[in-house]
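Heads up, the thing below is written out as structure tokens.
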Amino acid sequence: MSSFKIFDVAGSGMSAQSVRLNATASNLANADSVSGDPNQVYRARHPLFEAVRAGLGENAATSGVKVRGIVENQAAPSARYEPGNPLADANGYVYAPNVNAVEEMVDMISASRSYQNNVEVMNTAKEMMLATLRLGQ
Amino acid sequence: MPVNLDTYLGVHAAALKLRSQRTEVLAANLANADTPNYQARDIDFKSALAAVGAQSAGAGGGVHLATTRAGHIGATTVDGTTTPELKYRTPLAPSLDGNTVDAQLEQAAFAENSVRYQATLTFLSSKFRGLLTAITGQ
């Protein structure tokens, strides 16, 4: 029965959004993880979403979303002059991650709302199927 | 008079199938609300149902409602092979990442679709009840 596909679609959406929430949590947790080497410092991570096609051709339906990969933000980390920091390099600089806390918070709210949307879709689909099973009673 | 169950159920059996397919398409739109370059899709319910009606009318057999005008919908039989034509939604506002999903619009369409699905279920249910009354004669 094709209605079961709705659970896969909404489930893939929930899983993708939870990856996004995970990435946001990681970014916020590491927002202050400074390093003495600009190449070693933590970089903000973001998932790349991609739609999954159910078949070939113009008329093919979409059957959900998948996480294509996690990309690191390539913006340069900001350097801070902190000669007292034990991690500071020879010139007294430490490098802070390129995490933008405001952007991450917005991303977090967006991911959580999208997750809730998918949960709601799944609940509605479930009720519709249960009502169909009761048909004729 | 022999009763063909498909004819007896009328347009509702096909409508139920189309509604469930539309639920799936709208669920995919909502799941891809944050996917770059994803284009929202939908089924034009009216034309899809008319296409199912035209198909069963062409196949012959069974009783059909006369469709004398473009807006008329014929009584149909359920066909498992039909796939409704998927169309792209016209976005209300462009977005930078090329995504054309309007979450609020999709939510509204999803709610509307599920209510109409349940309405179709109610129609089918009362059809079955009518048949049962005829069978038991009570």
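The way I read the labels, and the way they are meant: chains A, B, ... in the order of the structure tokens, residue 1 as the first residue of every chain, and ligand 1 as the first ligand shown, with later ones counted on from there.
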Quiz item: Counting only C-alpha atoms, what is within 12 Å of Asn39 (chain A), bar same-chain residues fewer than 2 positions away, as a PyMOL selection string?
Solution: chain A and resi 34-37+41-43+74-79+94-98
Kindly save the residues from that selection, with C-alpha atoms included, as a PDB file, in the first residue's frame.
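Output (out.pdb):
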ATOM      1  CA  VAL A  34      40.316  28.145  20.530  1.00  0.00           C
ATOM      2  CA  SER A  35      43.505  26.766  19.034  1.00  0.00           C
ATOM      3  CA  GLY A  36      47.050  28.011  18.458  1.00  0.00           C
ATOM      4  CA  ASP A  37      47.058  26.786  14.852  1.00  0.00           C
ATOM      5  CA  VAL A  41      40.846  25.151  14.816  1.00  0.00           C
ATOM      6  CA  TYR A  42      37.246  23.902  14.767  1.00  0.00           C
ATOM      7  CA  ARG A  43      35.190  25.041  11.786  1.00  0.00           C
ATOM      8  CA  GLN A  74      35.625  27.825   4.827  1.00  0.00           C
ATOM      9  CA  ALA A  75      35.630  31.343   6.303  1.00  0.00           C
ATOM     10  CA  ALA A  76      38.920  32.250   8.009  1.00  0.00           C
ATOM     11  CA  PRO A  77      38.948  31.812  11.798  1.00  0.00           C
ATOM     12  CA  SER A  78      39.283  35.040  13.759  1.00  0.00           C
ATOM     13  CA  ALA A  79      42.625  35.679  15.446  1.00  0.00           C
ATOM     14  CA  VAL A  94      44.912  32.219  19.471  1.00  0.00           C
ATOM     15  CA  TYR A  95      42.401  31.385  16.730  1.00  0.00           C
ATOM     16  CA  ALA A  96      38.687  31.188  17.472  1.00  0.00           C
ATOM     17  CA  PRO A  97      36.267  29.013  15.415  1.00  0.00           C
ATOM     18  CA  ASN A  98      34.261  30.703  12.647  1.00  0.00           C
TER      19      ASN A  98
END
Practice problem: Would you give me, as a ChimeraX atom specification, the residues of chain A that come within 8 Å of chain B, using only C-alpha atoms? | Solution: /A:2-3,5-6,9-10,12-14,48-51,59-65,114,117-118,121,124-125,128,131-132,135-137
Save the residues we just selected, C-alpha atoms, as a PDB file, in the first residue's frame?
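See selection_15.pdb below for the written result:
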ATOM      1  CA  SER A   2       1.428   3.294  -1.086  1.00  0.00           C
ATOM      2  CA  SER A   3       0.301   5.257   1.993  1.00  0.00           C
ATOM      3  CA  LYS A   5       5.553   5.714   1.843  1.00  0.00           C
ATOM      4  CA  ILE A   6       4.406   8.812   3.711  1.00  0.00           C
ATOM      5  CA  VAL A   9       9.107  10.518   3.537  1.00  0.00           C
ATOM      6  CA  ALA A  10       8.333  12.143   6.893  1.00  0.00           C
ATOM      7  CA  SER A  12      13.634  10.923   6.181  1.00  0.00           C
ATOM      8  CA  GLY A  13      12.721  14.548   6.892  1.00  0.00           C
ATOM      9  CA  MET A  14      12.948  13.965  10.636  1.00  0.00           C
ATOM     10  CA  LEU A  48      23.815  19.586   2.768  1.00  0.00           C
ATOM     11  CA  PHE A  49      20.304  18.375   1.996  1.00  0.00           C
ATOM     12  CA  GLU A  50      19.263  16.705  -1.219  1.00  0.00           C
ATOM     13  CA  ALA A  51      15.832  15.579  -2.454  1.00  0.00           C
ATOM     14  CA  ASN A  59       6.637  12.930 -13.536  1.00  0.00           C
ATOM     15  CA  ALA A  60       8.657  11.136 -10.849  1.00  0.00           C
ATOM     16  CA  ALA A  61       7.584  11.936  -7.331  1.00  0.00           C
ATOM     17  CA  THR A  62       9.980  12.878  -4.584  1.00  0.00           C
ATOM     18  CA  SER A  63      10.312  10.309  -1.861  1.00  0.00           C
ATOM     19  CA  GLY A  64      12.014  12.246   0.863  1.00  0.00           C
ATOM     20  CA  VAL A  65      15.212  14.000   1.716  1.00  0.00           C
ATOM     21  CA  SER A 114      10.820  21.597  10.439  1.00  0.00           C
ATOM     22  CA  ASN A 117       6.270  19.725  10.864  1.00  0.00           C
ATOM     23  CA  ASN A 118       7.372  16.244   9.853  1.00  0.00           C
ATOM     24  CA  VAL A 121       2.648  14.972   8.938  1.00  0.00           C
ATOM     25  CA  THR A 124      -1.930  12.940  10.398  1.00  0.00           C
ATOM     26  CA  ALA A 125      -0.972  10.166   7.963  1.00  0.00           C
ATOM     27  CA  MET A 128      -5.849   8.778   8.063  1.00  0.00           C
ATOM     28  CA  ALA A 131      -9.578   5.692   9.703  1.00  0.00           C
ATOM     29  CA  THR A 132      -9.190   3.778   6.417  1.00  0.00           C
ATOM     30  CA  LEU A 135     -13.815   1.660   6.805  1.00  0.00           C
ATOM     31  CA  GLY A 136     -17.168  -0.139   6.626  1.00  0.00           C
ATOM     32  CA  GLN A 137     -17.467  -0.762  10.341  1.00  0.00           C
TER      33      GLN A 137
END
Exercise. Can you check which residues of region 26-59 of chain A DSSP gives as alpha helix (DSSP H) on the backbone and send them as a list in words?
Key: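 Alpha helix (DSSP H) assignments inside region 26-59 of chain A correspond to Ser26, Asn27, Leu28 and Ala29 of chain A.
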N, CA and C atoms of the current selection, written as a PDB file, in the first residue's frame:
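File selection.pdb, as written:
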ATOM      1  N   SER A  26      26.821  20.810  17.879  1.00  0.00           N
ATOM      2  CA  SER A  26      28.279  20.700  17.839  1.00  0.00           C
ATOM      3  C   SER A  26      28.923  22.072  17.646  1.00  0.00           C
ATOM      4  N   ASN A  27      28.348  22.872  16.744  1.00  0.00           N
ATOM      5  CA  ASN A  27      28.900  24.207  16.480  1.00  0.00           C
ATOM      6  C   ASN A  27      28.827  25.091  17.713  1.00  0.00           C
ATOM      7  N   LEU A  28      27.659  25.048  18.401  1.00  0.00           N
ATOM      8  CA  LEU A  28      27.498  25.911  19.573  1.00  0.00           C
ATOM      9  C   LEU A  28      28.399  25.443  20.717  1.00  0.00           C
ATOM     10  N   ALA A  29      28.554  24.117  20.853  1.00  0.00           N
ATOM     11  CA  ALA A  29      29.392  23.596  21.937  1.00  0.00           C
ATOM     12  C   ALA A  29      30.850  23.968  21.720  1.00  0.00           C
TER      13      ALA A  29
END
Self-check item: All strand (DSSP E) residues (DSSP, backbone) inside chain A, as a PyMOL selection string
Solution: chain A and resi 45-53+62-72+78-81+93-96
Resulting file, chosen residues, C-alpha atoms, as a compact mmCIF listing (two decimals), in the first residue's frame:
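again-v3.txt was written with the following content:
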# COMPACT_ATOMS: atom_id res chain seq x y z
CA ARG A 45 29.69 22.38 10.16
CA HIS A 46 26.52 22.38 8.13
CA PRO A 47 24.64 19.50 6.50
CA LEU A 48 23.81 19.59 2.77
CA PHE A 49 20.30 18.37 2.00
CA GLU A 50 19.26 16.70 -1.22
CA ALA A 51 15.83 15.58 -2.45
CA VAL A 52 15.48 11.85 -3.19
CA ARG A 53 13.64 11.01 -6.41
CA THR A 62 9.98 12.88 -4.58
CA SER A 63 10.31 10.31 -1.86
CA GLY A 64 12.01 12.25 0.86
CA VAL A 65 15.21 14.00 1.72
CA LYS A 66 18.71 12.78 2.45
CA VAL A 67 21.82 14.33 3.91
CA ARG A 68 24.34 14.44 1.09
CA GLY A 69 27.20 15.36 3.36
CA ILE A 70 28.48 17.68 6.03
CA VAL A 71 30.47 20.69 4.83
CA GLU A 72 32.79 22.83 6.88
CA SER A 78 39.28 35.04 13.76
CA ALA A 79 42.63 35.68 15.45
CA ARG A 80 42.71 37.06 19.00
CA TYR A 81 45.79 38.46 20.74
CA TYR A 93 47.66 34.79 18.99
CA VAL A 94 44.91 32.22 19.47
CA TYR A 95 42.40 31.38 16.73
CA ALA A 96 38.69 31.19 17.47
Quiz item: Separation of CA of Asp107 (chain A) and CA of Ser18 (chain A), in Å?
Solution: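 Those two atoms sit 11.7 Å apart.
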Quiz prompt | Between CA of Glu106 (chain B) and CA of Val119 (chain A) - distance in Å to one decimal | solution =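 Value for the CA of Val119 (chain A)-CA of Glu106 (chain B) distance: 14.5 Å.
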Practice problem: List the neighbours of Ser47 (chain B) out to 10 Å using only C-alpha atoms; skip same-chain residues closer than 2 positions along the sequence, and give me the result as a VMD selection string. | Solution: chain B and resid 43 to 45 49 to 53 71 73 84 to 85
